[in-house]
>>> print(open('final-v1.txt').read())   # compact mmCIF, C-alpha atoms
# COMPACT_ATOMS: atom_id res chain seq x y z
CA MET A 1452 145.59 219.04 167.45
CA GLY A 1453 147.54 215.92 168.40
CA GLY A 1454 148.73 213.25 165.93
CA SER A 1455 146.31 210.87 164.19
CA PRO A 1456 146.22 207.20 165.34
CA PHE A 1457 147.44 206.25 161.83
CA GLY A 1458 150.57 208.45 162.24
CA GLY A 1459 151.88 211.32 160.24
CA ALA A 1460 154.60 209.26 158.49
CA PRO A 1461 154.82 205.63 157.49
CA TYR A 1462 156.59 202.91 159.56
CA GLY A 1463 158.52 204.99 162.11
CA MET A 1464 159.86 207.86 159.97
CA ALA A 1465 159.22 211.31 161.41
CA PRO A 1466 158.63 214.21 158.98
CA ALA A 1467 161.41 216.73 158.72
CA PRO A 1468 160.57 220.11 160.43
CA ARG A 1469 159.59 222.85 158.01
CA ASN A 1470 162.38 225.37 157.17
CA ALA A 1471 164.99 222.82 158.16
CA GLY A 1472 168.45 224.17 157.12
CA GLY A 1473 167.09 227.68 156.25
CA PRO A 1474 167.24 230.99 158.10
CA PRO A 1475 165.72 231.11 161.56
CA PRO A 1476 162.10 232.01 161.64
CA GLN A 1477 161.28 235.70 161.99
CA GLN A 1478 159.91 236.77 165.31
CA GLN A 1479 156.51 238.26 164.98
CA GLU A 1480 155.23 241.07 167.13
CA GLN A 1481 153.07 239.87 169.99
CA PRO A 1482 149.52 240.95 169.63
CA GLY A 1483 147.98 242.98 172.36
CA PRO A 1484 145.71 241.47 174.95
CA ALA A 1485 142.24 240.53 173.84
CA PRO A 1486 139.41 242.47 175.16
CA GLU A 1487 138.21 241.34 178.55
CA GLY A 1488 135.48 238.78 178.37
CA ARG A 1489 136.52 237.67 174.94
CA LYS A 1490 139.54 235.53 173.99
CA SER A 1491 141.33 235.81 170.72
CA ARG A 1492 140.95 233.13 168.10
CA ARG A 1493 144.63 232.23 168.47
CA ALA A 1494 144.28 231.74 172.22
CA ARG A 1495 141.32 229.45 171.71
CA LYS A 1496 143.29 227.40 169.18
CA GLN A 1497 146.26 227.22 171.52
CA ARG A 1498 144.09 226.04 174.39
CA ALA A 1499 142.46 223.35 172.24
CA ALA A 1500 145.90 222.14 171.05
CA GLU A 1501 147.11 221.85 174.64
CA LEU A 1502 144.04 219.85 175.65
CA ASP A 1503 144.38 217.47 172.63
CA THR A 1504 148.06 216.92 173.24
CA ASP A 1505 147.47 215.97 176.87
CA THR A 1506 144.68 213.36 176.29
CA ASP A 1507 145.00 211.68 172.79
CA THR A 1508 146.15 208.00 173.14
CA GLY A 1509 144.31 206.24 170.29
CA PHE A 1510 145.23 202.62 169.25
CA GLY A 1511 148.67 201.98 170.67
CA ILE A 1512 149.70 205.64 170.61
CA GLU A 1513 152.03 207.17 173.17
CA PRO A 1514 151.60 210.93 173.53
CA ASP A 1515 154.43 213.37 173.13
CA ALA A 1516 156.69 211.05 171.15
CA GLY A 1517 157.41 211.17 167.44
CA PHE A 1518 158.37 208.43 164.95
CA GLY A 1519 162.00 209.53 164.80
CA GLY A 1520 162.34 210.60 168.40
CA GLY A 1521 161.52 214.27 167.63
CA THR A 1522 159.76 216.33 170.26
CA ASP A 1523 156.93 218.82 170.19
CA THR A 1524 157.73 222.34 171.31
CA ILE A 1525 154.72 223.99 172.87
CA ALA A 1526 155.16 227.53 174.12
CA SER A 1527 153.15 228.93 176.93
CA GLY A 1528 151.59 231.20 174.41
CA ASP A 1529 151.66 230.70 170.64
CA ARG A 1530 153.20 227.64 168.87
CA GLU A 1531 156.26 228.53 166.84
CA ALA A 1532 155.32 228.82 163.21
CA SER A 1533 158.04 226.40 162.11
CA ALA A 1534 157.36 223.71 164.77
CA PRO A 1535 156.02 220.46 163.33
CA ALA A 1536 152.69 219.03 164.42
CA PRO A 1537 152.87 216.72 167.45
CA GLN A 1538 153.91 213.20 166.46
CA SER A 1539 153.04 209.81 168.03
CA ARG A 1540 154.95 206.51 168.16
CA ILE A 1541 152.67 203.88 166.65
CA GLY A 1542 152.37 200.46 168.24
CA TRP A 1543 150.16 197.80 166.62
CA SER A 1544 146.96 198.95 164.96
CA PRO A 1545 144.61 196.75 162.96
CA TYR A 1546 143.96 199.65 160.61
CA ASP A 1547 147.61 200.38 160.00
CA GLU A 1548 148.78 196.79 159.82
CA GLY A 1549 145.85 195.62 157.75
CA PRO A 1550 147.35 196.17 154.30
CA ARG A 1551 150.79 194.99 155.47
CA SER A 1552 149.53 191.89 157.32
CA ARG A 1553 147.52 190.63 154.36
CA ALA A 1554 150.47 190.71 151.98
CA PRO A 1555 152.56 188.11 153.87
CA LEU A 1556 149.41 186.05 154.48
CA TRP A 1557 148.49 185.87 150.81
CA PHE A 1558 152.08 185.24 149.99
CA ALA A 1559 152.20 182.33 152.46
CA ILE A 1560 148.97 180.91 151.11
CA GLY A 1561 150.20 181.30 147.58
CA GLY A 1562 153.48 179.59 148.54
CA VAL A 1563 151.62 176.64 150.05
CA ALA A 1564 149.45 176.39 146.95
CA VAL A 1565 152.51 176.44 144.69
CA LEU A 1566 154.19 173.76 146.81
CA GLY A 1567 150.99 171.70 146.69
CA LEU A 1568 150.77 171.99 142.92
CA PHE A 1569 154.46 171.20 142.59
CA GLY A 1570 154.14 168.13 144.83
CA GLY A 1571 151.01 166.99 142.98
CA GLY A 1572 152.80 167.40 139.66
CA LEU A 1573 155.72 165.30 140.89
CA ALA A 1574 153.34 162.60 142.13
CA MET A 1575 151.54 162.53 138.78
CA MET A 1576 154.84 162.41 136.96
CA PHE A 1577 156.14 159.48 139.02
CA ASN A 1578 152.81 157.67 138.78
CA ALA A 1579 152.81 158.14 135.03
CA ASP A 1580 156.35 156.81 134.73
CA ALA A 1581 155.94 153.92 137.17
CA PRO A 1582 155.06 150.59 135.56
CA THR A 1583 151.52 149.40 136.21
CA PRO A 1584 151.41 146.31 138.46
CA GLN A 1585 150.37 143.21 136.61
CA GLY A 1586 147.55 142.53 139.07
CA THR A 1587 145.78 145.83 138.17
CA THR A 1588 145.50 145.10 134.49
CA ALA A 1589 144.59 141.46 134.54
CA VAL A 1590 143.46 138.86 137.02
CA ARG A 1591 146.53 137.04 138.21
CA GLN A 1592 146.44 133.37 137.41
CA THR A 1593 146.83 131.48 140.70
CA ALA A 1594 146.64 127.91 139.40
CA ALA A 1595 147.27 126.05 136.19
CA PRO A 1596 144.12 125.62 134.13
CA MET A 1597 142.44 122.25 134.29
CA PRO A 1598 143.16 120.12 131.22
CA SER A 1599 140.25 119.29 128.98
CA VAL A 1600 138.62 115.99 129.87
CA PRO A 1601 138.93 113.53 126.99
CA PRO A 1602 135.71 112.36 125.38
CA GLY A 1603 134.14 109.14 126.56
CA LYS A 1604 132.21 107.92 129.57
CA TYR A 1605 135.29 107.60 131.77
CA GLY A 1606 137.28 110.66 130.61
CA PHE A 1607 140.97 110.38 131.52
CA ALA A 1608 140.39 106.90 132.95
CA GLU A 1609 139.27 105.65 129.55
CA ASP A 1610 142.84 104.64 128.68
CA ARG A 1611 146.12 104.25 130.47
CA LYS A 1612 147.74 106.73 128.06
CA THR A 1613 145.65 109.55 129.56
CA ASP A 1614 145.77 108.08 133.08
CA PRO A 1615 149.37 106.85 133.46
CA GLU A 1616 149.88 107.23 137.23
CA PRO A 1617 150.10 103.89 139.08
CA ILE A 1618 147.36 102.98 141.55
CA THR A 1619 148.12 102.35 145.23
CA VAL A 1620 146.39 100.59 148.10
CA LYS A 1621 146.16 103.90 149.96
CA GLU A 1622 144.56 105.70 147.03
CA LEU A 1623 141.96 103.03 146.36
CA PHE A 1624 141.08 101.95 149.88
CA GLY A 1625 142.14 104.89 152.04
CA THR A 1626 143.67 104.82 155.49
CA LYS A 1627 140.58 104.51 157.68
CA LYS A 1628 139.94 100.95 158.71
CA LYS A 1629 136.43 101.68 159.97
CA PHE A 1630 133.80 103.73 158.11
CA SER A 1631 130.05 103.99 157.76
CA VAL A 1632 127.66 104.34 154.85
CA SER A 1633 124.05 105.32 155.70
CA ASP A 1634 124.62 104.21 159.30
CA ARG A 1635 125.87 100.83 158.17
CA GLY A 1636 129.31 100.15 159.63
CA TYR A 1637 132.23 98.38 157.93
CA GLU A 1638 135.85 97.57 158.69
CA MET A 1639 138.83 96.89 156.43
CA THR A 1640 140.90 94.08 157.89
CA VAL A 1641 143.69 93.33 155.36
CA THR A 1642 145.19 94.67 152.09
CA SER A 1643 147.54 93.30 149.42
CA LYS A 1644 149.46 94.56 146.41
CA ASP A 1645 150.21 91.51 144.26
CA LYS A 1646 153.54 91.24 142.47
CA LYS A 1647 151.87 89.59 139.50
CA CYS A 1648 148.28 90.20 138.41
CA THR A 1649 147.63 86.44 138.16
CA ASP A 1650 148.43 86.06 141.87
CA GLY A 1651 145.17 87.84 142.69
CA ALA A 1652 142.95 85.86 140.33
CA LEU A 1653 141.50 82.35 140.20
CA GLY A 1654 140.81 80.53 136.93
CA ASP A 1655 142.88 80.07 133.82
CA LYS A 1656 140.56 82.02 131.64
CA LEU A 1657 140.65 85.09 133.90
CA GLN A 1658 144.40 84.91 134.31
CA LYS A 1659 144.88 84.77 130.52
CA ALA A 1660 142.53 87.72 130.01
CA LEU A 1661 144.56 89.75 132.52
CA LYS A 1662 147.77 89.03 130.64
CA ASP A 1663 146.20 89.90 127.30
CA ALA A 1664 144.94 93.18 128.74
CA LYS A 1665 148.52 94.16 129.70
CA CYS A 1666 147.72 94.13 133.41
CA THR A 1667 150.45 95.95 135.37
CA GLN A 1668 148.93 96.10 138.87
CA PHE A 1669 146.54 94.12 141.01
CA VAL A 1670 145.56 95.34 144.50
CA ARG A 1671 143.10 93.81 146.98
CA ALA A 1672 141.48 94.52 150.34
CA SER A 1673 139.09 92.50 152.54
CA PHE A 1674 136.17 93.84 154.62
CA ARG A 1675 133.54 92.81 157.12
CA ASP A 1676 130.32 94.40 158.25
CA LYS A 1677 129.78 95.66 161.79
CA ASP A 1678 127.86 92.56 162.85
CA GLY A 1679 130.52 90.24 161.44
CA LYS A 1680 128.00 88.33 159.32
CA VAL A 1681 129.05 89.50 155.82
CA ILE A 1682 132.65 89.31 154.62
CA GLY A 1683 134.30 89.89 151.24
CA THR A 1684 137.29 90.88 149.06
CA VAL A 1685 137.55 93.72 146.52
CA GLY A 1686 140.27 93.68 143.82
CA VAL A 1687 141.28 96.24 141.18
CA ALA A 1688 143.33 95.45 138.05
CA ASN A 1689 145.16 98.20 136.12
CA LEU A 1690 144.73 97.37 132.41
CA GLN A 1691 145.79 99.02 129.16
CA SER A 1692 142.43 100.20 127.85
CA SER A 1693 138.71 100.14 128.53
CA LYS A 1694 138.21 97.79 125.58
CA LEU A 1695 140.57 95.20 127.06
CA ALA A 1696 138.98 95.67 130.47
CA GLY A 1697 135.69 94.63 128.92
CA LYS A 1698 137.25 91.37 127.76
CA VAL A 1699 138.51 90.68 131.28
CA ALA A 1700 135.00 91.22 132.65
CA LYS A 1701 133.55 88.75 130.14
CA SER A 1702 135.93 86.06 131.30
CA GLY A 1703 134.45 85.99 134.76
CA ASN A 1704 132.23 83.13 135.93
CA THR A 1705 131.86 80.68 138.80
CA GLU A 1706 135.37 79.39 138.13
CA ASN A 1707 137.11 82.64 137.22
CA TYR A 1708 136.99 85.38 139.86
CA VAL A 1709 139.09 87.37 142.30
CA LYS A 1710 141.01 85.28 144.80
CA PRO A 1711 139.53 85.85 148.31
CA LEU A 1712 142.06 87.52 150.62
CA ALA A 1713 141.71 85.99 154.07
CA GLY A 1714 142.48 88.19 157.06
CA LYS A 1715 144.07 87.30 160.37
CA ASP A 1716 141.09 88.44 162.43
CA SER A 1717 138.42 86.08 163.77
CA VAL A 1718 135.91 87.01 161.06
CA THR A 1719 137.60 87.52 157.66
CA LYS A 1720 139.87 84.54 158.19
CA PHE A 1721 136.96 82.47 156.82
CA LEU A 1722 137.04 84.16 153.45
CA GLY A 1723 137.11 81.66 150.58
CA SER A 1724 135.47 78.87 152.53
CA GLY A 1725 131.93 77.84 151.73
CA SER A 1726 129.53 79.42 149.23
CA GLY A 1727 129.84 82.96 147.94
CA GLY A 1728 129.09 85.30 145.08
CA ALA A 1729 131.54 86.83 142.60
CA LYS A 1730 131.33 89.59 140.03
CA ILE A 1731 133.65 91.51 137.63
CA SER A 1732 132.80 95.01 136.41
CA THR A 1733 134.76 97.66 134.52
CA TYR A 1734 135.58 101.31 135.13
CA GLY A 1735 137.49 102.71 132.17
CA HIS A 1736 140.75 100.81 131.83
CA TYR A 1737 140.27 99.23 135.26
CA ALA A 1738 138.60 95.93 136.17
CA VAL A 1739 136.90 95.78 139.58
CA LEU A 1740 136.50 92.24 140.96
CA VAL A 1741 134.53 91.23 144.09
CA TRP A 1742 133.90 88.10 146.16
CA PHE A 1743 131.42 88.26 149.07
CA GLN A 1744 129.90 85.60 151.31
CA ASN A 1745 128.32 84.88 154.64
CA LYS A 1746 130.80 84.38 157.45
CA ASP A 1747 129.63 80.82 158.05
CA GLY A 1748 129.94 79.96 154.34
CA THR A 1749 126.27 79.11 153.93
CA LYS A 1750 124.42 79.91 150.75
CA PRO A 1751 122.54 83.17 151.30
CA ASP A 1752 118.75 83.31 150.96
CA SER A 1753 116.98 86.20 149.24
CA LYS A 1754 117.30 88.40 152.32
CA GLY A 1755 120.96 87.45 152.73
CA SER A 1756 121.67 88.07 149.03
CA LYS A 1757 120.15 91.54 149.34
CA ARG A 1758 122.33 92.27 152.35
CA ILE A 1759 125.46 91.08 150.52
CA SER A 1760 124.65 93.19 147.43
CA GLU A 1761 124.13 96.22 149.71
CA ALA A 1762 127.50 95.65 151.36
CA ILE A 1763 129.26 95.38 147.96
CA ASP A 1764 127.66 98.64 146.81
CA ASP A 1765 128.46 100.52 150.05
CA ILE A 1766 132.11 99.42 150.21
CA THR A 1767 133.05 99.94 146.56
CA LYS A 1768 131.41 103.38 146.38
CA ALA A 1769 133.17 104.52 149.55
CA THR A 1770 136.58 103.30 148.38
CA VAL A 1771 137.61 102.33 144.84
CA PHE A 1772 134.92 104.13 142.86
CA LYS A 1773 135.56 107.36 144.77
CA ALA A 1774 139.23 107.20 143.75
CA LEU A 1775 138.50 106.24 140.15
CA ASP A 1776 135.93 109.04 139.79
CA ASN A 1777 138.74 111.47 140.57
CA ARG A 1778 140.97 109.92 137.92
CA THR A 1779 138.15 110.24 135.39
CA LEU A 1780 138.01 114.01 135.91
CA THR A 1781 141.69 114.82 136.50
CA GLY A 1782 143.82 111.90 135.26
CA SER A 1783 145.61 112.05 138.62
CA PRO A 1784 145.54 109.96 141.82
CA LEU A 1785 143.22 110.94 144.65
CA THR A 1786 145.22 112.43 147.49
>>> encode(input="final-v1.txt", output="structure tokens")
Amino acid sequence: MGGSPFGGAPYGMAPAPRNAGGPPPQQQEQPGPAPEGRKSRRARKQRAAELDTDTDTGFGIEPDAGFGGGTDTIASGDREASAPAPQSRIGWSPYDEGPRSRAPLWFAIGGVAVLGLFGGGLAMMFNADAPTPQGTTAVRQTAAPMPSVPPGKYGFAEDRKTDPEPITVKELFGTKKKFSVSDRGYEMTVTSKDKKCTDGALGDKLQKALKDAKCTQFVRASFRDKDGKVIGTVGVANLQSSKLAGKVAKSGNTENYVKPLAGKDSVTKFLGSGSGGAKISTYGHYAVLVWFQNKDGTKPDSKGSKRISEAIDDITKATVFKALDNRTLTGSPLT
């Protein structure tokens, strides 16, 4: 029969013919004709071989061609005894290529796996050798820690040693001329930074207390309410210590108080004329001095006194005490 679809020899090599290089095959005597009506076994085999050779194509098989280019010799009668079996040139077959195709595939997969492991090992090696960023091991400090607030009611502002920065008009009174507190409107009309602390104070006793307290700065500002009925001056003295500031406060009376700072506007220009009320309080090593009055200089009644006290409280809380609160906590000027 014809060649198998898997081929008679591997990968394009044709088998050598039998008796190759030996003596020629011996001719055998032809048998006599078979009885009529019955064919010999050899004839039937020859006929079957001819039919198989003419029709077998299989998977990618070309009939009548061998692996090495050999040919099949088919006699009209019997096949020569030494003739090799018909061969076929094999194209692609999934059965034949199966074992061969899987070897390169597994090799490729294995190569990729080896490369992957090699690359992973290199990455681990470099990661192990690389220094760990500081931010991954500890929280990076973004700002200097706040200093501990000294003991005492006023913290850093308790003494000038722990609150050495000079005060300024801008820090204490701000830059806004108009502001409101609980819907009550006010306006700052004039400011002053006195060259000598005694220039901002009235009364010998107060002036002496300022000198004894090592006063280095005296700043003032004048205000009016929205209606222009209440006017006043606020002054701040920078002293050496809270203890000395207390002595300055005790020196205040009807003859010793902050000098009213008259403005150039039509309302606060009347400051210092007529009757008014004065007070000196302390905030750490600072003395806060106030003078407030009615615009027309008249002595306020109970309702007027309440309105003046409200204005003093609103203005000082919105300005000087806001700045000094910051110094108490930080020992630095409010910016």
>>> residues_near_point(input="final-v1.txt", point="(152.9, 94.1, 138.0)", cutoff="8 Å", atoms="all atoms listed in the file", output="list in words")
Asp1645, Lys1646, Lys1647, Cys1648, Cys1666, Thr1667, Gln1668 and Phe1669 of chain A
>>> residues_around(input="final-v1.txt", residues="stretch 1617-1633 of chain A", least_positions_apart="2", cutoff="6 Å", atoms="all atoms listed in the file", output="list of chain:residue names")
A:Arg1635, A:Gly1636, A:Tyr1637, A:Glu1638, A:Met1639, A:Thr1770, A:Val1771, A:Ala1774, A:Leu1785
>>> closest_residue(input="final-v1.txt", among="A:Val1641, A:Val1739, A:Leu1780, A:Val1681", to="A:Ser1599", atoms="only C-alpha atoms")
A:Leu1780
>>> residues_around(input="final-v1.txt", residues="A:Ala1664", least_positions_apart="6", cutoff="12 Å", atoms="only C-alpha atoms", output="PyMOL selection string")
chain A and resi 1610-1611+1648-1649+1657-1658+1688-1700+1702+1736-1738
>>> axis_aligned_box(input="final-v1.txt", around="stretch 1754-1762 of chain A", padding_each_side="3 Å", output="lines of an AutoDock Vina configuration file")
center_x = 122.4
center_y = 91.8
center_z = 150.1
size_x = 16.2
size_y = 14.8
size_z = 11.3
>>> closest_residue(input="final-v1.txt", among="A:Pro1711, A:Pro1602, A:Gly1727, A:Gly1755", to="A:Asp1650", atoms="all atoms listed in the file")
A:Pro1711
>>> atom_distance(input="final-v1.txt", atom1="atom CA of A:Ser1673", atom2="atom CA of A:Ile1763")
11.2 Å
>>> atom_distance(input="final-v1.txt", atom1="atom CA of A:Asp1678", atom2="atom CA of A:Lys1730")
23.3 Å
